[in-house]
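> Data file start-v2.cif (mmCIF, C-alpha atoms) is appended below.
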data_run
#
loop_
_atom_site.group_PDB
_atom_site.id
_atom_site.type_symbol
_atom_site.label_atom_id
_atom_site.label_comp_id
_atom_site.auth_asym_id
_atom_site.auth_seq_id
_atom_site.Cartn_x
_atom_site.Cartn_y
_atom_site.Cartn_z
ATOM 1 C CA GLY A 292 13.097 31.276 1.889
ATOM 2 C CA GLU A 293 12.631 27.529 1.440
ATOM 3 C CA GLU A 294 13.723 25.120 -1.256
ATOM 4 C CA GLY A 295 10.979 24.192 -3.723
ATOM 5 C CA GLY A 296 8.450 21.590 -2.710
ATOM 6 C CA GLY A 297 5.153 20.240 -3.899
ATOM 7 C CA LEU A 298 4.037 18.767 -7.179
ATOM 8 C CA LEU A 299 6.404 20.584 -9.548
ATOM 9 C CA CYS A 300 9.538 20.009 -7.500
ATOM 10 C CA HIS A 301 9.124 16.364 -6.557
ATOM 11 C CA ARG A 302 12.019 13.993 -7.147
ATOM 12 C CA PRO A 303 11.962 10.209 -6.790
ATOM 13 C CA LEU A 304 13.747 8.827 -3.727
ATOM 14 C CA HIS A 305 14.544 5.357 -2.428
ATOM 15 C CA PRO A 306 13.422 5.947 1.189
ATOM 16 C CA GLU A 307 15.655 3.220 2.626
ATOM 17 C CA ARG A 308 18.806 4.476 0.928
ATOM 18 C CA GLY A 309 20.232 5.671 4.237
ATOM 19 C CA ALA A 310 22.874 8.396 4.467
ATOM 20 C CA GLY A 311 22.024 11.952 3.548
ATOM 21 C CA ARG A 312 18.304 11.890 4.315
ATOM 22 C CA ARG A 313 16.975 15.159 5.638
ATOM 23 C CA ALA A 314 13.702 15.657 7.435
ATOM 24 C CA TRP A 315 12.405 18.000 4.711
ATOM 25 C CA GLN A 316 12.793 15.412 1.953
ATOM 26 C CA LEU A 317 9.635 13.529 2.904
ATOM 27 C CA ALA A 318 7.960 16.176 5.088
ATOM 28 C CA PRO A 319 4.190 15.624 4.787
ATOM 29 C CA ASP A 320 3.317 19.331 4.457
ATOM 30 C CA ARG A 321 5.870 20.130 1.689
ATOM 31 C CA PRO A 322 7.519 16.980 0.444
ATOM 32 C CA ARG A 323 10.585 17.404 -1.762
ATOM 33 C CA ARG A 324 10.955 13.708 -2.560
ATOM 34 C CA PHE A 325 8.500 10.871 -3.121
ATOM 35 C CA ASP A 326 8.637 7.103 -2.952
ATOM 36 C CA PRO A 327 8.075 5.935 -6.549
ATOM 37 C CA ARG A 328 6.434 2.736 -5.302
ATOM 38 C CA THR A 329 3.356 4.884 -4.597
ATOM 39 C CA LEU A 330 2.871 5.706 -8.305
ATOM 40 C CA PRO A 331 -0.306 4.270 -9.835
ATOM 41 C CA ARG A 332 0.257 1.410 -12.253
ATOM 42 C CA GLY A 333 -0.571 2.451 -15.797
ATOM 43 C CA LEU A 334 1.083 5.876 -15.380
ATOM 44 C CA HIS A 335 3.535 6.737 -18.150
ATOM 45 C CA GLN A 336 4.906 10.224 -17.555
ATOM 46 C CA VAL A 337 7.746 12.222 -19.085
ATOM 47 C CA VAL A 338 9.524 14.306 -16.444
ATOM 48 C CA GLY A 339 12.539 16.577 -16.246
ATOM 49 C CA HIS A 340 14.143 18.249 -13.263
ATOM 50 C CA THR A 341 16.355 15.385 -12.047
ATOM 51 C CA GLY A 342 19.638 14.559 -13.752
ATOM 52 C CA HIS A 343 21.346 11.203 -13.922
ATOM 53 C CA ALA A 344 23.912 11.806 -11.176
ATOM 54 C CA GLN A 345 21.158 12.888 -8.778
ATOM 55 C CA CYS A 346 19.051 9.831 -9.683
ATOM 56 C CA LEU A 347 21.988 7.524 -8.990
ATOM 57 C CA ARG A 348 22.323 9.022 -5.496
ATOM 58 C CA GLU A 349 18.601 9.133 -4.737
ATOM 59 C CA LEU A 350 17.730 5.724 -6.222
ATOM 60 C CA ALA A 351 20.730 3.690 -5.041
ATOM 61 C CA GLY A 352 19.739 0.055 -4.762
ATOM 62 C CA TRP A 353 17.243 0.300 -7.600
ATOM 63 C CA ASP A 354 19.818 1.285 -10.227
ATOM 64 C CA THR A 355 21.136 -1.184 -12.787
ATOM 65 C CA ALA A 356 24.780 -1.863 -13.631
ATOM 66 C CA ALA A 357 24.205 -0.094 -16.962
ATOM 67 C CA ALA A 358 22.902 2.988 -15.142
ATOM 68 C CA ARG A 359 25.905 3.043 -12.806
ATOM 69 C CA ALA A 360 28.303 2.758 -15.767
ATOM 70 C CA HIS A 361 26.550 5.474 -17.799
ATOM 71 C CA GLY A 362 28.030 8.956 -17.980
ATOM 72 C CA ALA A 363 26.129 12.219 -18.192
ATOM 73 C CA GLY A 364 23.245 12.736 -20.544
ATOM 74 C CA GLY A 365 20.635 10.490 -21.965
ATOM 75 C CA ILE A 366 17.071 9.431 -21.426
ATOM 76 C CA ARG A 367 16.418 7.115 -18.504
ATOM 77 C CA THR A 368 13.452 5.090 -17.265
ATOM 78 C CA LEU A 369 12.327 4.610 -13.685
ATOM 79 C CA ARG A 370 9.970 1.620 -13.816
ATOM 80 C CA VAL A 371 7.761 0.588 -10.925
ATOM 81 C CA ALA A 372 6.200 -2.865 -11.047
ATOM 82 C CA ASP A 373 4.599 -5.033 -8.394
ATOM 83 C CA ASP A 374 7.863 -6.970 -8.090
ATOM 84 C CA GLY A 375 10.110 -3.925 -7.620
ATOM 85 C CA VAL A 376 11.611 -0.706 -8.932
ATOM 86 C CA THR A 377 14.277 -0.353 -11.623
ATOM 87 C CA TYR A 378 16.235 2.730 -12.670
ATOM 88 C CA ASP A 379 17.950 2.180 -16.013
ATOM 89 C CA VAL A 380 19.317 4.097 -18.988
ATOM 90 C CA GLY A 381 17.344 4.306 -22.193
ATOM 91 C CA LEU A 382 13.680 4.239 -22.995
ATOM 92 C CA ALA A 383 12.066 1.055 -21.675
ATOM 93 C CA ALA A 384 9.764 -0.895 -23.951
ATOM 94 C CA PRO A 385 6.080 -0.357 -23.123
ATOM 95 C CA ALA A 386 4.664 -2.829 -20.615
ATOM 96 C CA ALA A 387 1.309 -3.375 -18.955
ATOM 97 C CA GLY A 388 0.813 -3.103 -15.219
ATOM 98 C CA VAL A 389 3.765 -0.792 -14.533
ATOM 99 C CA ALA A 390 4.331 2.890 -13.838
ATOM 100 C CA ASP A 391 7.090 4.482 -15.908
ATOM 101 C CA LEU A 392 8.755 7.823 -15.369
ATOM 102 C CA ILE A 393 10.746 8.760 -18.458
ATOM 103 C CA LEU A 394 13.467 11.079 -17.190
ATOM 104 C CA ILE A 395 14.605 13.551 -19.836
ATOM 105 C CA ASP A 396 16.951 15.892 -17.953
ATOM 106 C CA GLY A 397 19.929 14.963 -20.083
ATOM 107 C CA GLY A 398 22.508 17.111 -18.306
ATOM 108 C CA LEU A 399 23.160 19.066 -21.481
ATOM 109 C CA TRP A 400 25.830 21.153 -19.767
ATOM 110 C CA ARG A 401 27.848 17.969 -19.053
ATOM 111 C CA ALA A 402 27.257 15.754 -22.072
ATOM 112 C CA PRO A 403 29.004 16.042 -25.426
ATOM 113 C CA VAL A 404 26.551 17.147 -28.117
ATOM 114 C CA ALA A 405 26.926 13.777 -29.897
ATOM 115 C CA ASP A 406 25.660 12.024 -26.743
ATOM 116 C CA VAL A 407 22.507 14.126 -26.326
ATOM 117 C CA ALA A 408 19.440 11.945 -26.803
ATOM 118 C CA LEU A 409 16.092 13.219 -27.999
ATOM 119 C CA LEU A 410 12.848 11.609 -26.905
ATOM 120 C CA PRO A 411 11.088 10.190 -29.966
ATOM 121 C CA LEU A 412 7.472 11.320 -30.154
ATOM 122 C CA ALA A 413 4.793 9.850 -32.365
ATOM 123 C CA ALA A 414 2.284 12.133 -34.045
ATOM 124 C CA VAL A 415 -1.227 11.935 -32.629
ATOM 125 C CA ALA A 416 -3.938 12.016 -35.254
#
Take the structure I supplied and represent it as structure tokens, if you would.


Amino acid sequence: GEEGGGLLCHRPLHPERGAGRRAWQLAPDRPRRFDPRTLPRGLHQVVGHTGHAQCLRELAGWDTAAARAHGAGGIRTLRVADDGVTYDVGLAAPAAGVADLILIDGGLWRAPVADVALLPLAAVA
């Protein structure tokens, strides 16, 4: 009878974003959201589950002008570095000493087919 929580249902959240916070979002026993600043540097993870519109709401203050101007669909990068957090559209270039979440929930039900981006994967030998 509760909304999903735990590892598979986590979503990034800017904890100081203000309005709309609910006690269950960061509840220690079943957190629904997490502060991305806690991610270990060197982590590069592809994740789904959170669309662009939701990220804009949950990550307000860390979003770029390009992210705010972007419509539905697309691959986005949430980058955590020692000097801050950035939520932007597109696939960020690899960098050392950062944690990157590559968000792939492209909102396929909202985006025109021509705007659907695919994550390029390199073959592993």

> Smallest atom-to-atom distance to His343 in chain A: which of A:Ala387, A:Ala356, A:Leu394, A:Val371, using only C-alpha atoms?

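Result for the nearest residue to His343 in chain A: A:Leu394.
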
> For Gly342 in chain A, which residue out of A:Arg302, A:Arg370, A:Arg324, A:Arg308 is the nearest one, using all atoms listed in the file?

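The shortest atom-to-atom distance to Gly342 in chain A comes from A:Arg302.
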
> Running the PyMOL selection byres ((chain A and resi 323) around 6) on this model by hand, what would come out? Give it as a ChimeraX atom specification.

/A:296,301,316,322,324

> Quick one: pull the distance between CA of Ile393 in chain A and CA of Thr377 in chain A, Å, one decimal.

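It comes out at 11.9 Å.
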
> Could you jot down the CA of Arg332 in chain A to CA of His361 in chain A separation for me, Å, one decimal place?

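It comes out at 27.2 Å.
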
> Rank nothing, just name the residue among A:Ala318, A:Leu412, A:Ala390, A:Ile366 nearest to Thr341 in chain A, using all atoms listed in the file.

A:Ile366

> Between CA of Asp396 in chain A and CA of His305 in chain A, measure the distance and give it in Å to one decimal.

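Rounded to one decimal, the two atoms are 18.9 Å apart.
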
> Please work out which residues fall within 12 Å of (13.3, 12.6, -30.7), coordinates as given in the file, with only C-alpha atoms counting, and return them as a list in words.

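Nearby residues: Gly365, Ile366, Leu382, Ile395, Val407, Ala408, Leu409, Leu410, Pro411, Leu412, Ala413 and Ala414 of chain A.
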
> Could I get range 379-402 of chain A rebuilt with N, CA, C and O atoms, written as a compact mmCIF listing (two decimals), in the frame of the given file?


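Output saved as selection_37.txt:
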# COMPACT_ATOMS: atom_id res chain seq x y z
N ASP A 379 17.05 2.62 -14.96
CA ASP A 379 17.95 2.18 -16.01
C ASP A 379 18.09 3.27 -17.06
O ASP A 379 17.29 4.20 -17.13
N VAL A 380 19.11 3.16 -17.89
CA VAL A 380 19.32 4.10 -18.99
C VAL A 380 18.49 3.65 -20.18
O VAL A 380 18.17 2.47 -20.33
N GLY A 381 18.12 4.60 -21.00
CA GLY A 381 17.34 4.31 -22.19
C GLY A 381 15.85 4.40 -21.95
O GLY A 381 15.38 4.67 -20.85
N LEU A 382 15.13 4.20 -23.02
CA LEU A 382 13.68 4.24 -23.00
C LEU A 382 13.18 2.80 -22.93
O LEU A 382 13.40 2.03 -23.87
N ALA A 383 12.55 2.43 -21.85
CA ALA A 383 12.07 1.06 -21.68
C ALA A 383 10.93 0.77 -22.63
O ALA A 383 10.13 1.65 -22.96
N ALA A 384 10.86 -0.47 -23.08
CA ALA A 384 9.76 -0.90 -23.95
C ALA A 384 8.46 -0.81 -23.17
O ALA A 384 8.43 -1.08 -21.96
N PRO A 385 7.37 -0.43 -23.82
CA PRO A 385 6.08 -0.36 -23.12
C PRO A 385 5.73 -1.70 -22.48
O PRO A 385 6.03 -2.76 -23.02
N ALA A 386 5.09 -1.63 -21.33
CA ALA A 386 4.66 -2.83 -20.62
C ALA A 386 3.38 -2.52 -19.87
O ALA A 386 3.16 -1.38 -19.44
N ALA A 387 2.56 -3.53 -19.70
CA ALA A 387 1.31 -3.38 -18.95
C ALA A 387 1.58 -3.56 -17.47
O ALA A 387 2.51 -4.25 -17.07
N GLY A 388 0.76 -2.91 -16.66
CA GLY A 388 0.81 -3.10 -15.22
C GLY A 388 2.00 -2.48 -14.51
O GLY A 388 2.34 -2.88 -13.40
N VAL A 389 2.63 -1.48 -15.15
CA VAL A 389 3.76 -0.79 -14.53
C VAL A 389 3.50 0.71 -14.55
O VAL A 389 2.63 1.20 -15.25
N ALA A 390 4.28 1.43 -13.76
CA ALA A 390 4.33 2.89 -13.84
C ALA A 390 5.72 3.24 -14.35
O ALA A 390 6.71 2.72 -13.84
N ASP A 391 5.81 4.06 -15.35
CA ASP A 391 7.09 4.48 -15.91
C ASP A 391 7.24 5.99 -15.81
O ASP A 391 6.34 6.73 -16.22
N LEU A 392 8.36 6.43 -15.27
CA LEU A 392 8.76 7.82 -15.37
C LEU A 392 9.90 7.86 -16.37
O LEU A 392 10.92 7.21 -16.17
N ILE A 393 9.72 8.59 -17.45
CA ILE A 393 10.75 8.76 -18.46
C ILE A 393 11.46 10.06 -18.11
O ILE A 393 10.88 11.14 -18.20
N LEU A 394 12.70 9.93 -17.68
CA LEU A 394 13.47 11.08 -17.19
C LEU A 394 14.27 11.67 -18.34
O LEU A 394 15.11 10.99 -18.94
N ILE A 395 14.01 12.94 -18.65
CA ILE A 395 14.60 13.55 -19.84
C ILE A 395 15.63 14.63 -19.53
O ILE A 395 16.16 15.23 -20.47
N ASP A 396 15.91 14.91 -18.26
CA ASP A 396 16.95 15.89 -17.95
C ASP A 396 18.28 15.26 -18.35
O ASP A 396 18.84 14.46 -17.63
N GLY A 397 18.74 15.61 -19.52
CA GLY A 397 19.93 14.96 -20.08
C GLY A 397 21.25 15.55 -19.64
O GLY A 397 22.30 15.13 -20.11
N GLY A 398 21.25 16.52 -18.73
CA GLY A 398 22.51 17.11 -18.31
C GLY A 398 23.27 17.72 -19.48
O GLY A 398 24.45 17.47 -19.67
N LEU A 399 22.57 18.52 -20.26
CA LEU A 399 23.16 19.07 -21.48
C LEU A 399 24.46 19.83 -21.23
O LEU A 399 25.31 19.90 -22.11
N TRP A 400 24.62 20.39 -20.07
CA TRP A 400 25.83 21.15 -19.77
C TRP A 400 27.01 20.23 -19.50
O TRP A 400 28.14 20.67 -19.46
N ARG A 401 26.77 18.91 -19.33
CA ARG A 401 27.85 17.97 -19.05
C ARG A 401 28.12 17.00 -20.20
O ARG A 401 29.19 16.42 -20.27
N ALA A 402 27.15 16.78 -21.04
CA ALA A 402 27.26 15.75 -22.07
C ALA A 402 27.77 16.34 -23.39
O ALA A 402 27.36 17.43 -23.78
